[in-house]
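Heads up, the thing below is written out as structure tokens.
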Amino acid sequence: MRKTAFAALAIMASVAGIPPAGAQDFSLGYDVDRFPAKTLSLQACRSALSRGATAVGYTTRVDQDQKTLVVHVSAPPGDGRSLVAYCVTAGDQTVFLIQAFDYTRPNSPEVDRIKARVAAEVRKAAGRG
């Protein structure tokens, strides 16, 4: 089950990371980690993603719970950036993957700031922050 969940997560990450047509230069920052499900439930991970995105001024566009997978997509009010994040139940672990995009320029320091802030919220929910 664990291999299947990680394979699915990798596929989702690669599909979500495709920039829109015409965007040749963009920045991507990502963070991935896992915690025992007893310290970070899927719902706690979902709530932490939402809190982190809100803390950086992003508005939620997609928030789906599919029982073993949570998908969160948000962006600031203007164009040019986005946050795509997942929480996945993999056996006795909860895995998160956070991807921050900036389509306005390459090497944007904003992607690292955004992904770090959202990941910190998830780690805090897991008791590690």
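Here's how to read the names in the structure tokens: chain A, B, ... by the order shown, residue numbers from 1 in each chain, ligand numbers from 1 in the order shown.
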
Long-range neighbours of segment 67-84 of chain A as a count of residues only, 10 Å cut-off, only C-alpha atoms, 2 positions minimum in chain:
53

Using DSSP assignments from the backbone, pull out every residue in chain A that falls under helix (DSSP H, G or I) and give it to me as a VMD selection string.
chain A and resid 2 to 16 42 to 55 109 to 125

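A straight line drawn from atom CA of Lys124 of chain A to atom CA of Phe35 of chain A is 11.4 Å long.
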
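Across the model, the gap from atom CA of Ala119 of chain A to atom CA of Ala85 of chain A is 9.7 Å.
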
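With only C-alpha atoms as the atoms that count, the residue of A:Ala44, A:Gln93, A:Gly52, A:Asp31 with the shortest distance to Glu121 of chain A is A:Gly52.
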
Using Å and a single decimal, report how far atom CA of Asp92 of chain A sits from atom CA of Ser41 of chain A.
9.8 Å

Just the strand (DSSP E) stuff from chain A, please, per backbone DSSP, written as a ChimeraX atom specification.
/A:27-36,59-65,69-75,81-90,93-102

Would you mind exporting the chosen residues as a CSV table (one decimal), in the first residue's frame, restricted to N, CA and C atoms?
```csv
chain,number,residue,atom,x,y,z
A,27,SER,N,8.9,29.4,-11.3
A,27,SER,CA,9.6,28.9,-10.1
A,27,SER,C,8.7,27.9,-9.4
A,28,LEU,N,9.4,26.9,-8.8
A,28,LEU,CA,8.7,25.9,-8.1
A,28,LEU,C,9.5,25.6,-6.8
A,29,GLY,N,8.7,25.7,-5.7
A,29,GLY,CA,9.3,25.3,-4.4
A,29,GLY,C,8.4,24.2,-3.8
A,30,TYR,N,9.0,23.1,-3.3
A,30,TYR,CA,8.2,22.0,-2.8
A,30,TYR,C,8.8,21.5,-1.5
A,31,ASP,N,7.9,20.9,-0.7
A,31,ASP,CA,8.3,20.2,0.5
A,31,ASP,C,7.4,18.9,0.6
A,32,VAL,N,8.0,17.9,1.1
A,32,VAL,CA,7.3,16.6,1.3
A,32,VAL,C,7.8,16.0,2.6
A,33,ASP,N,6.9,15.4,3.3
A,33,ASP,CA,7.3,14.8,4.6
A,33,ASP,C,6.2,13.8,5.0
A,34,ARG,N,6.5,13.0,6.0
A,34,ARG,CA,5.5,12.1,6.5
A,34,ARG,C,5.6,12.0,8.0
A,35,PHE,N,4.4,11.7,8.6
A,35,PHE,CA,4.3,11.6,10.0
A,35,PHE,C,3.4,10.4,10.4
A,36,PRO,N,3.6,9.8,11.5
A,36,PRO,CA,2.7,8.7,11.9
A,36,PRO,C,1.2,9.3,11.9
A,59,THR,N,-6.3,32.4,-1.3
A,59,THR,CA,-7.7,32.0,-1.2
A,59,THR,C,-7.9,30.6,-1.8
A,60,THR,N,-8.6,29.7,-1.1
A,60,THR,CA,-8.8,28.4,-1.5
A,60,THR,C,-9.6,28.3,-2.7
A,61,ARG,N,-9.2,27.5,-3.7
A,61,ARG,CA,-9.9,27.3,-5.0
A,61,ARG,C,-10.5,25.9,-5.0
A,62,VAL,N,-9.7,24.9,-4.5
A,62,VAL,CA,-10.2,23.5,-4.5
A,62,VAL,C,-9.8,23.0,-3.1
A,63,ASP,N,-10.8,22.3,-2.5
A,63,ASP,CA,-10.5,21.6,-1.2
A,63,ASP,C,-11.3,20.3,-1.3
A,64,GLN,N,-10.7,19.2,-1.6
A,64,GLN,CA,-11.4,18.0,-1.8
A,64,GLN,C,-10.8,16.9,-0.8
A,65,ASP,N,-11.7,16.2,-0.2
A,65,ASP,CA,-11.4,15.1,0.6
A,65,ASP,C,-11.9,13.8,0.0
A,69,LEU,N,-7.1,10.7,0.4
A,69,LEU,CA,-6.4,11.8,-0.3
A,69,LEU,C,-7.1,13.1,-0.1
A,70,VAL,N,-6.3,14.1,0.3
A,70,VAL,CA,-6.9,15.5,0.3
A,70,VAL,C,-6.1,16.3,-0.7
A,71,VAL,N,-6.8,17.1,-1.5
A,71,VAL,CA,-6.2,18.0,-2.4
A,71,VAL,C,-6.6,19.4,-2.1
A,72,HIS,N,-5.6,20.3,-2.0
A,72,HIS,CA,-5.8,21.7,-1.7
A,72,HIS,C,-5.1,22.5,-2.8
A,73,VAL,N,-5.9,23.4,-3.4
A,73,VAL,CA,-5.3,24.3,-4.4
A,73,VAL,C,-5.8,25.7,-4.0
A,74,SER,N,-4.8,26.7,-3.9
A,74,SER,CA,-5.2,28.0,-3.5
A,74,SER,C,-4.2,29.0,-4.3
A,75,ALA,N,-4.6,30.2,-4.2
A,75,ALA,CA,-3.8,31.3,-4.9
A,75,ALA,C,-4.1,32.6,-4.3
A,81,ARG,N,0.7,33.2,-9.3
A,81,ARG,CA,1.2,32.2,-8.3
A,81,ARG,C,0.1,31.2,-7.9
A,82,SER,N,0.5,30.1,-7.4
A,82,SER,CA,-0.5,29.1,-6.9
A,82,SER,C,0.2,28.2,-5.9
A,83,LEU,N,-0.6,27.5,-5.2
A,83,LEU,CA,-0.2,26.5,-4.2
A,83,LEU,C,-1.0,25.3,-4.4
A,84,VAL,N,-0.4,24.2,-4.6
A,84,VAL,CA,-1.0,22.9,-4.8
A,84,VAL,C,-0.5,22.0,-3.7
A,85,ALA,N,-1.3,21.4,-2.9
A,85,ALA,CA,-0.9,20.6,-1.8
A,85,ALA,C,-1.7,19.4,-1.6
A,86,TYR,N,-1.1,18.3,-1.1
A,86,TYR,CA,-1.8,17.0,-0.9
A,86,TYR,C,-1.5,16.5,0.4
A,87,CYS,N,-2.4,15.8,1.0
A,87,CYS,CA,-2.2,15.0,2.2
A,87,CYS,C,-2.7,13.6,1.8
A,88,VAL,N,-2.0,12.6,2.1
A,88,VAL,CA,-2.3,11.2,1.7
A,88,VAL,C,-2.1,10.3,2.9
A,89,THR,N,-3.1,9.4,3.0
A,89,THR,CA,-2.9,8.3,4.0
A,89,THR,C,-2.2,7.2,3.3
A,90,ALA,N,-1.1,6.8,3.9
A,90,ALA,CA,-0.3,5.6,3.4
A,90,ALA,C,0.0,4.7,4.5
A,93,GLN,N,0.9,6.0,8.0
A,93,GLN,CA,1.5,7.3,7.9
A,93,GLN,C,0.6,8.3,7.2
A,94,THR,N,0.8,9.6,7.5
A,94,THR,CA,0.1,10.7,6.7
A,94,THR,C,1.3,11.4,6.0
A,95,VAL,N,1.2,11.5,4.7
A,95,VAL,CA,2.2,12.1,3.9
A,95,VAL,C,1.7,13.5,3.4
A,96,PHE,N,2.5,14.5,3.4
A,96,PHE,CA,2.1,15.7,2.7
A,96,PHE,C,3.1,16.1,1.6
A,97,LEU,N,2.5,16.8,0.6
A,97,LEU,CA,3.4,17.3,-0.5
A,97,LEU,C,2.8,18.7,-0.7
A,98,ILE,N,3.7,19.7,-0.7
A,98,ILE,CA,3.3,21.1,-0.9
A,98,ILE,C,4.1,21.6,-2.1
A,99,GLN,N,3.4,22.2,-3.1
A,99,GLN,CA,4.1,22.8,-4.2
A,99,GLN,C,3.7,24.2,-4.3
A,100,ALA,N,4.6,25.1,-4.3
A,100,ALA,CA,4.3,26.5,-4.5
A,100,ALA,C,4.9,27.0,-5.9
A,101,PHE,N,4.1,27.6,-6.7
A,101,PHE,CA,4.5,28.1,-8.0
A,101,PHE,C,4.4,29.6,-8.1
A,102,ASP,N,5.3,30.1,-8.9
A,102,ASP,CA,5.3,31.5,-9.3
A,102,ASP,C,5.6,31.5,-10.8
```
